[in-house]
Amino acid sequence: MNIQTLRRMPTDSRVCANPAESFTLPARFYTDPAIYEAEKPAIFYKSWWCAGHKSQLPKPGSYLTTQIHEQGIVVTRDQEGVLRAFYNVCQHRGHELAKGCGESRTLTCPYHAWTYNLDGTLRTARLTRNMPDFDACDFALKPVLVEEFCGFIFVNLDREARPFKEQTGDLENEIRKYAPPIDEMKFVHRDHYDIKANWKVVIDNFLECYHCHPAHRDFVDLVDMDSYRNIINGLYISQISEAPKTTTARAYTFEKGEVDFGYAGWFLWPNLTLWVYPGEANISALMMIPAGPDRTLETLDWFVPSGTVSQQIKDAMAYMNQTLQPEDISLCESVQKGLKSMGYNQGRFVIDSTHPELSEHGVHHFQKMVADALGADLG
Ligand code: FES
Ligand SMILES: [Fe+2]
């Protein structure tokens, strides 16, 4: 990649491996369209991307679609129940094959009606029978890697990528510890957000609780802040805190005894966060979908084991949707404006060993991963 702005500029301070010495990523990494474009092959076309949840593909014939920048993907459960994923493009003249999600025995292109089996093979192509050199085997859908992990379905456009499970070490054990009914979880609700900020601003914000006391009055009452920790584990970062001191937090209340831990959250490189809130069993997935150098679309999906939403889970959803998310979105949009200011380029990560709960080392880890993935030379 030969992009001038990936090199250290005269106005830049050093970005280095030690979080206590490093400056933050220069502001242009959040605003420059060339860097935004460079991220596509360097990060998104070679990382695992969450396409959905197994409860959205319940039986043979189910399919769903997802979009990784310009690359549309369709995930199917074929007639044998095997998960498959393909580029969502017809092999005739390139029309999009499937939209949204649903159930069907085949995938039929809306343009000239070429029809594919759910294992990707071309089943019928109108009027090709009399073409002597036409071989349907040449026109199967192009596959991509797909893997189920704790019920979530991940795809990867890099055919050489190591399995998600192998790349994420102990993550499965951690999720099973904090969300024991993970295998029974069912999708119940989605919220959407449209944020005027670069996707990395939104991830940066997730990766520290230095801002929690000033900006999230109700969150610091819901979780036990003294025990709150950001733990770096390579491709994922865990956020764990012990049982809250109260079950009648300002955010929402829950019955005593429902929880023996506080809050758990995970960041999964590059753009997914999972959350387990205090109270009844739940897990939610907040995904940051880049939609331009200064725009991010977020989806927030909720899962509960019964598939029915109790009042307590409704209260947790309402807190997230009406309080926590608006608070974070407002912070991120203000930061994006600041990153365009001629009066700002880089700051420092705040690392205080006497207050690990407030440390910004997780943000540093993420920003260093971005810089390394891009091959940026900022040292
Ligand atoms: S482009 Fe799909 S059938 Fe022609
Ligand atoms: Fe926040």
# chains A, B, ... in the order shown; residues from 1 in each chain; ligands from 1
$ closest_atom_pairs --of "chain A" --to "ligand 1" --cutoff "8 Å" --atoms "only C-alpha atoms and all ligand atoms" --output "CSV"
residue,atom,partner,partner_atom_place_in_ligand_line,distance
A:Val89,CA,ligand 1,2 (Fe),7.8
A:Cys90,CA,ligand 1,2 (Fe),4.6
A:Gln91,CA,ligand 1,2 (Fe),6.5
A:His92,CA,ligand 1,1 (S),4.6
A:Arg93,CA,ligand 1,1 (S),3.9
A:Gly94,CA,ligand 1,1 (S),4.9
A:His95,CA,ligand 1,1 (S),4.4
A:Glu96,CA,ligand 1,2 (Fe),7.4
A:Leu97,CA,ligand 1,2 (Fe),7.0
A:Thr108,CA,ligand 1,3 (S),7.8
A:Cys109,CA,ligand 1,2 (Fe),4.6
A:Pro110,CA,ligand 1,2 (Fe),6.5
A:Tyr111,CA,ligand 1,4 (Fe),4.9
A:His112,CA,ligand 1,3 (S),3.7
A:Ala113,CA,ligand 1,3 (S),4.7
A:Trp114,CA,ligand 1,3 (S),4.3
A:Thr115,CA,ligand 1,3 (S),7.6
A:Ala125,CA,ligand 1,3 (S),7.4
$ closest_atom_pairs --of "chain A" --to "ligand 2" --cutoff "7 Å" --atoms "only C-alpha atoms and all ligand atoms" --output "JSON lines"
{"residue": "A:Asn205", "atom": "CA", "partner": "ligand 2", "partner_atom_place_in_ligand_line": "1 (Fe)", "distance": 5.9}
{"residue": "A:Phe206", "atom": "CA", "partner": "ligand 2", "partner_atom_place_in_ligand_line": "1 (Fe)", "distance": 5.8}
{"residue": "A:Cys209", "atom": "CA", "partner": "ligand 2", "partner_atom_place_in_ligand_line": "1 (Fe)", "distance": 6.8}
{"residue": "A:His211", "atom": "CA", "partner": "ligand 2", "partner_atom_place_in_ligand_line": "1 (Fe)", "distance": 6.5}
{"residue": "A:Cys212", "atom": "CA", "partner": "ligand 2", "partner_atom_place_in_ligand_line": "1 (Fe)", "distance": 6.0}
{"residue": "A:His216", "atom": "CA", "partner": "ligand 2", "partner_atom_place_in_ligand_line": "1 (Fe)", "distance": 6.6}
{"residue": "A:Leu324", "atom": "CA", "partner": "ligand 2", "partner_atom_place_in_ligand_line": "1 (Fe)", "distance": 6.9}
{"residue": "A:Glu327", "atom": "CA", "partner": "ligand 2", "partner_atom_place_in_ligand_line": "1 (Fe)", "distance": 6.9}
{"residue": "A:Asp328", "atom": "CA", "partner": "ligand 2", "partner_atom_place_in_ligand_line": "1 (Fe)", "distance": 4.8}
$ write_last_selection --atoms "all heavy atoms" --output "PDB file, in the first residue's frame"
ATOM      1  N   ASN A 205     -14.208   4.472  21.665  1.00  0.00           N
ATOM      2  CA  ASN A 205     -15.078   4.863  22.777  1.00  0.00           C
ATOM      3  C   ASN A 205     -15.515   3.656  23.604  1.00  0.00           C
ATOM      4  O   ASN A 205     -15.605   3.730  24.832  1.00  0.00           O
ATOM      5  CB  ASN A 205     -16.292   5.600  22.212  1.00  0.00           C
ATOM      6  CG  ASN A 205     -17.299   5.946  23.273  1.00  0.00           C
ATOM      7  OD1 ASN A 205     -17.025   6.742  24.153  1.00  0.00           O
ATOM      8  ND2 ASN A 205     -18.470   5.322  23.209  1.00  0.00           N
ATOM      9  N   PHE A 206     -15.729   2.527  22.918  1.00  0.00           N
ATOM     10  CA  PHE A 206     -16.143   1.313  23.639  1.00  0.00           C
ATOM     11  C   PHE A 206     -15.016   0.775  24.516  1.00  0.00           C
ATOM     12  O   PHE A 206     -15.267   0.106  25.523  1.00  0.00           O
ATOM     13  CB  PHE A 206     -16.567   0.237  22.627  1.00  0.00           C
ATOM     14  CG  PHE A 206     -16.904  -1.094  23.260  1.00  0.00           C
ATOM     15  CD1 PHE A 206     -18.153  -1.316  23.832  1.00  0.00           C
ATOM     16  CD2 PHE A 206     -15.966  -2.119  23.304  1.00  0.00           C
ATOM     17  CE1 PHE A 206     -18.456  -2.532  24.430  1.00  0.00           C
ATOM     18  CE2 PHE A 206     -16.264  -3.341  23.903  1.00  0.00           C
ATOM     19  CZ  PHE A 206     -17.511  -3.549  24.466  1.00  0.00           C
ATOM     20  N   CYS A 209     -13.243   3.005  29.929  1.00  0.00           N
ATOM     21  CA  CYS A 209     -14.278   3.539  30.824  1.00  0.00           C
ATOM     22  C   CYS A 209     -13.750   4.774  31.573  1.00  0.00           C
ATOM     23  O   CYS A 209     -14.289   5.160  32.596  1.00  0.00           O
ATOM     24  CB  CYS A 209     -14.757   2.464  31.800  1.00  0.00           C
ATOM     25  SG  CYS A 209     -16.572   2.426  31.981  1.00  0.00           S
ATOM     26  N   HIS A 211     -14.169   7.509  30.391  1.00  0.00           N
ATOM     27  CA  HIS A 211     -15.245   8.483  30.178  1.00  0.00           C
ATOM     28  C   HIS A 211     -16.521   8.139  30.966  1.00  0.00           C
ATOM     29  O   HIS A 211     -17.481   8.911  30.939  1.00  0.00           O
ATOM     30  CB  HIS A 211     -15.574   8.601  28.681  1.00  0.00           C
ATOM     31  CG  HIS A 211     -16.320   7.433  28.093  1.00  0.00           C
ATOM     32  ND1 HIS A 211     -15.711   6.272  27.680  1.00  0.00           N
ATOM     33  CD2 HIS A 211     -17.649   7.245  27.837  1.00  0.00           C
ATOM     34  CE1 HIS A 211     -16.618   5.438  27.180  1.00  0.00           C
ATOM     35  NE2 HIS A 211     -17.809   5.987  27.278  1.00  0.00           N
ATOM     36  N   CYS A 212     -16.537   6.988  31.650  1.00  0.00           N
ATOM     37  CA  CYS A 212     -17.814   6.538  32.217  1.00  0.00           C
ATOM     38  C   CYS A 212     -18.332   7.457  33.333  1.00  0.00           C
ATOM     39  O   CYS A 212     -19.520   7.784  33.353  1.00  0.00           O
ATOM     40  CB  CYS A 212     -17.697   5.091  32.701  1.00  0.00           C
ATOM     41  SG  CYS A 212     -17.556   3.923  31.317  1.00  0.00           S
ATOM     42  N   HIS A 216     -21.485   8.779  31.742  1.00  0.00           N
ATOM     43  CA  HIS A 216     -22.524   7.747  31.914  1.00  0.00           C
ATOM     44  C   HIS A 216     -22.918   7.631  33.391  1.00  0.00           C
ATOM     45  O   HIS A 216     -22.547   6.678  34.078  1.00  0.00           O
ATOM     46  CB  HIS A 216     -22.021   6.378  31.433  1.00  0.00           C
ATOM     47  CG  HIS A 216     -21.680   6.295  29.983  1.00  0.00           C
ATOM     48  ND1 HIS A 216     -22.512   6.728  28.989  1.00  0.00           N
ATOM     49  CD2 HIS A 216     -20.573   5.797  29.364  1.00  0.00           C
ATOM     50  CE1 HIS A 216     -21.924   6.506  27.800  1.00  0.00           C
ATOM     51  NE2 HIS A 216     -20.757   5.946  28.010  1.00  0.00           N
ATOM     52  N   LEU A 324     -27.793   4.916  27.236  1.00  0.00           N
ATOM     53  CA  LEU A 324     -26.368   4.659  27.022  1.00  0.00           C
ATOM     54  C   LEU A 324     -25.935   4.952  25.580  1.00  0.00           C
ATOM     55  O   LEU A 324     -24.931   5.629  25.348  1.00  0.00           O
ATOM     56  CB  LEU A 324     -26.039   3.197  27.385  1.00  0.00           C
ATOM     57  CG  LEU A 324     -24.551   2.870  27.411  1.00  0.00           C
ATOM     58  CD1 LEU A 324     -23.809   3.674  28.469  1.00  0.00           C
ATOM     59  CD2 LEU A 324     -24.319   1.371  27.661  1.00  0.00           C
ATOM     60  N   GLU A 327     -25.887   8.659  24.756  1.00  0.00           N
ATOM     61  CA  GLU A 327     -24.740   9.301  25.416  1.00  0.00           C
ATOM     62  C   GLU A 327     -23.461   9.052  24.613  1.00  0.00           C
ATOM     63  O   GLU A 327     -22.683   9.965  24.347  1.00  0.00           O
ATOM     64  CB  GLU A 327     -24.580   8.750  26.841  1.00  0.00           C
ATOM     65  CG  GLU A 327     -25.636   9.248  27.813  1.00  0.00           C
ATOM     66  CD  GLU A 327     -25.635   8.513  29.166  1.00  0.00           C
ATOM     67  OE1 GLU A 327     -24.926   7.489  29.314  1.00  0.00           O
ATOM     68  OE2 GLU A 327     -26.359   8.967  30.075  1.00  0.00           O
ATOM     69  N   ASP A 328     -23.233   7.781  24.226  1.00  0.00           N
ATOM     70  CA  ASP A 328     -22.006   7.453  23.492  1.00  0.00           C
ATOM     71  C   ASP A 328     -21.997   8.076  22.097  1.00  0.00           C
ATOM     72  O   ASP A 328     -20.956   8.537  21.620  1.00  0.00           O
ATOM     73  CB  ASP A 328     -21.850   5.928  23.391  1.00  0.00           C
ATOM     74  CG  ASP A 328     -21.192   5.343  24.631  1.00  0.00           C
ATOM     75  OD1 ASP A 328     -20.362   6.041  25.251  1.00  0.00           O
ATOM     76  OD2 ASP A 328     -21.514   4.193  24.989  1.00  0.00           O
TER      77      ASP A 328
END
$ closest_residue --among "A:Glu166, A:Glu208, A:Asp32, A:Asp191" --to "Arg229 of chain A" --atoms "only C-alpha atoms"
A:Glu208
$ residues_around --residues "segment 149-156 of chain A" --least-positions-apart "4" --cutoff "8 Å" --atoms "only C-alpha atoms" --output "list in words"
Tyr45, Lys46, Ser47, Trp48, Trp49, Cys50, Ala51, Gly52, His53, Lys54, Ser55, Ala85, Val144, Leu145, Ala161, Phe164, Lys165, Glu172, Ile175, Ile182, Asp183 and Met185 of chain A
$ write_last_selection --atoms "C-alpha atoms" --output "mmCIF file, in the first residue's frame"
data_model
loop_
_atom_site.group_PDB
_atom_site.id
_atom_site.type_symbol
_atom_site.label_atom_id
_atom_site.label_comp_id
_atom_site.auth_asym_id
_atom_site.auth_seq_id
_atom_site.Cartn_x
_atom_site.Cartn_y
_atom_site.Cartn_z
ATOM 1 C CA TYR A 45 -11.635 -8.349 3.592
ATOM 2 C CA LYS A 46 -9.379 -10.524 5.731
ATOM 3 C CA SER A 47 -11.045 -10.488 9.168
ATOM 4 C CA TRP A 48 -13.986 -12.465 10.543
ATOM 5 C CA TRP A 49 -17.239 -10.504 10.142
ATOM 6 C CA CYS A 50 -20.388 -11.278 12.102
ATOM 7 C CA ALA A 51 -23.143 -12.041 9.573
ATOM 8 C CA GLY A 52 -25.894 -12.961 12.030
ATOM 9 C CA HIS A 53 -27.004 -15.593 14.510
ATOM 10 C CA LYS A 54 -27.922 -19.243 14.137
ATOM 11 C CA SER A 55 -31.479 -18.482 15.328
ATOM 12 C CA ALA A 85 -21.612 -18.660 2.562
ATOM 13 C CA VAL A 144 -16.357 -17.659 1.380
ATOM 14 C CA LEU A 145 -15.370 -19.073 4.764
ATOM 15 C CA ALA A 161 -7.790 -17.147 7.232
ATOM 16 C CA PHE A 164 -12.201 -17.860 14.153
ATOM 17 C CA LYS A 165 -12.217 -20.230 17.121
ATOM 18 C CA GLU A 172 -15.576 -19.148 24.079
ATOM 19 C CA ILE A 175 -18.633 -16.157 27.011
ATOM 20 C CA ILE A 182 -25.418 -19.187 25.110
ATOM 21 C CA ASP A 183 -26.479 -22.212 23.004
ATOM 22 C CA MET A 185 -30.064 -17.830 22.830
#
$ select_by_dssp --residues "segment 40-172 of chain A" --states "helix (DSSP H, G or I)" --output "number ranges by chain"
A: 40-44, 54-56, 136-139, 164-167, 171-172
$ write_last_selection --atoms "N, CA, C and O atoms" --output "tab-separated table (two decimals), in the first residue's frame"
chain	number	residue	atom	x	y	z
A	40	LYS	N	-10.30	-1.34	3.71
A	40	LYS	CA	-11.16	-2.43	3.20
A	40	LYS	C	-10.36	-3.70	2.98
A	40	LYS	O	-10.64	-4.73	3.60
A	41	PRO	N	-9.33	-3.69	2.08
A	41	PRO	CA	-8.56	-4.93	1.91
A	41	PRO	C	-7.68	-5.26	3.11
A	41	PRO	O	-7.48	-6.43	3.43
A	42	ALA	N	-7.17	-4.24	3.79
A	42	ALA	CA	-6.19	-4.49	4.86
A	42	ALA	C	-6.85	-5.04	6.12
A	42	ALA	O	-6.22	-5.76	6.90
A	43	ILE	N	-8.11	-4.69	6.34
A	43	ILE	CA	-8.79	-5.10	7.58
A	43	ILE	C	-10.03	-5.93	7.28
A	43	ILE	O	-10.15	-7.09	7.67
A	44	PHE	N	-10.97	-5.35	6.54
A	44	PHE	CA	-12.31	-5.97	6.47
A	44	PHE	C	-12.40	-7.17	5.54
A	44	PHE	O	-13.23	-8.04	5.76
A	54	LYS	N	-27.36	-17.97	14.61
A	54	LYS	CA	-27.92	-19.24	14.14
A	54	LYS	C	-29.45	-19.26	14.24
A	54	LYS	O	-30.13	-19.95	13.47
A	55	SER	N	-30.02	-18.50	15.20
A	55	SER	CA	-31.48	-18.48	15.33
A	55	SER	C	-32.14	-17.79	14.14
A	55	SER	O	-33.35	-17.88	13.95
A	56	GLN	N	-31.33	-17.08	13.33
A	56	GLN	CA	-31.87	-16.46	12.11
A	56	GLN	C	-31.76	-17.41	10.91
A	56	GLN	O	-32.22	-17.09	9.83
A	136	ALA	N	-22.63	-26.06	-16.42
A	136	ALA	CA	-23.15	-25.43	-15.19
A	136	ALA	C	-22.12	-25.45	-14.07
A	136	ALA	O	-22.12	-24.57	-13.20
A	137	CYS	N	-21.23	-26.45	-14.10
A	137	CYS	CA	-20.22	-26.54	-13.03
A	137	CYS	C	-19.29	-25.32	-13.02
A	137	CYS	O	-18.67	-25.01	-12.00
A	138	ASP	N	-19.19	-24.63	-14.16
A	138	ASP	CA	-18.30	-23.45	-14.22
A	138	ASP	C	-18.93	-22.24	-13.55
A	138	ASP	O	-18.28	-21.21	-13.39
A	139	PHE	N	-20.22	-22.35	-13.19
A	139	PHE	CA	-20.92	-21.15	-12.72
A	139	PHE	C	-21.54	-21.33	-11.33
A	139	PHE	O	-22.59	-20.77	-11.04
A	164	PHE	N	-11.88	-18.87	13.14
A	164	PHE	CA	-12.20	-17.86	14.15
A	164	PHE	C	-11.92	-18.40	15.56
A	164	PHE	O	-11.32	-17.74	16.39
A	165	LYS	N	-12.36	-19.63	15.79
A	165	LYS	CA	-12.22	-20.23	17.12
A	165	LYS	C	-10.74	-20.34	17.51
A	165	LYS	O	-10.37	-20.09	18.66
A	166	GLU	N	-9.93	-20.68	16.53
A	166	GLU	CA	-8.50	-20.82	16.79
A	166	GLU	C	-7.85	-19.47	17.07
A	166	GLU	O	-6.96	-19.34	17.90
A	167	GLN	N	-8.35	-18.43	16.40
A	167	GLN	CA	-7.76	-17.10	16.56
A	167	GLN	C	-8.15	-16.45	17.88
A	167	GLN	O	-7.54	-15.46	18.28
A	171	LEU	N	-11.82	-17.11	24.37
A	171	LEU	CA	-13.05	-16.31	24.30
A	171	LEU	C	-14.30	-17.15	24.54
A	171	LEU	O	-15.21	-16.75	25.28
A	172	GLU	N	-14.37	-18.33	23.93
A	172	GLU	CA	-15.58	-19.15	24.08
A	172	GLU	C	-15.82	-19.48	25.55
A	172	GLU	O	-16.95	-19.38	26.04
$ decode --residues "segment 28-77 of chain A" --atoms "C-alpha atoms" --output "CSV table (one decimal), in the first residue's frame"
chain,number,residue,atom,x,y,z
A,28,ARG,CA,-6.3,11.9,9.4
A,29,PHE,CA,-6.7,8.2,10.1
A,30,TYR,CA,-10.3,9.0,11.0
A,31,THR,CA,-11.1,11.4,8.2
A,32,ASP,CA,-8.9,10.6,5.1
A,33,PRO,CA,-10.9,8.9,2.3
A,34,ALA,CA,-7.7,7.2,1.1
A,35,ILE,CA,-7.1,5.6,4.5
A,36,TYR,CA,-10.8,4.6,4.7
A,37,GLU,CA,-10.4,2.8,1.3
A,38,ALA,CA,-7.1,1.2,2.4
A,39,GLU,CA,-8.9,-0.4,5.4
A,40,LYS,CA,-11.2,-2.4,3.2
A,41,PRO,CA,-8.6,-4.9,1.9
A,42,ALA,CA,-6.2,-4.5,4.9
A,43,ILE,CA,-8.8,-5.1,7.6
A,44,PHE,CA,-12.3,-6.0,6.5
A,45,TYR,CA,-11.6,-8.3,3.6
A,46,LYS,CA,-9.4,-10.5,5.7
A,47,SER,CA,-11.0,-10.5,9.2
A,48,TRP,CA,-14.0,-12.5,10.5
A,49,TRP,CA,-17.2,-10.5,10.1
A,50,CYS,CA,-20.4,-11.3,12.1
A,51,ALA,CA,-23.1,-12.0,9.6
A,52,GLY,CA,-25.9,-13.0,12.0
A,53,HIS,CA,-27.0,-15.6,14.5
A,54,LYS,CA,-27.9,-19.2,14.1
A,55,SER,CA,-31.5,-18.5,15.3
A,56,GLN,CA,-31.9,-16.5,12.1
A,57,LEU,CA,-31.0,-19.6,10.1
A,58,PRO,CA,-33.2,-22.1,11.9
A,59,LYS,CA,-33.7,-24.8,9.3
A,60,PRO,CA,-32.6,-26.1,5.9
A,61,GLY,CA,-33.6,-23.5,3.3
A,62,SER,CA,-33.0,-20.5,5.6
A,63,TYR,CA,-30.7,-17.7,4.3
A,64,LEU,CA,-29.6,-14.3,5.3
A,65,THR,CA,-27.5,-11.6,3.7
A,66,THR,CA,-24.8,-9.2,4.9
A,67,GLN,CA,-22.7,-6.5,3.4
A,68,ILE,CA,-18.9,-6.1,4.0
A,69,HIS,CA,-18.3,-2.7,2.4
A,70,GLU,CA,-18.9,-3.4,-1.4
A,71,GLN,CA,-18.9,-7.2,-0.9
A,72,GLY,CA,-22.4,-8.6,-0.5
A,73,ILE,CA,-22.5,-12.1,1.1
A,74,VAL,CA,-25.4,-14.6,1.3
A,75,VAL,CA,-25.3,-17.3,4.1
A,76,THR,CA,-27.5,-20.3,3.6
A,77,ARG,CA,-28.3,-23.4,5.5
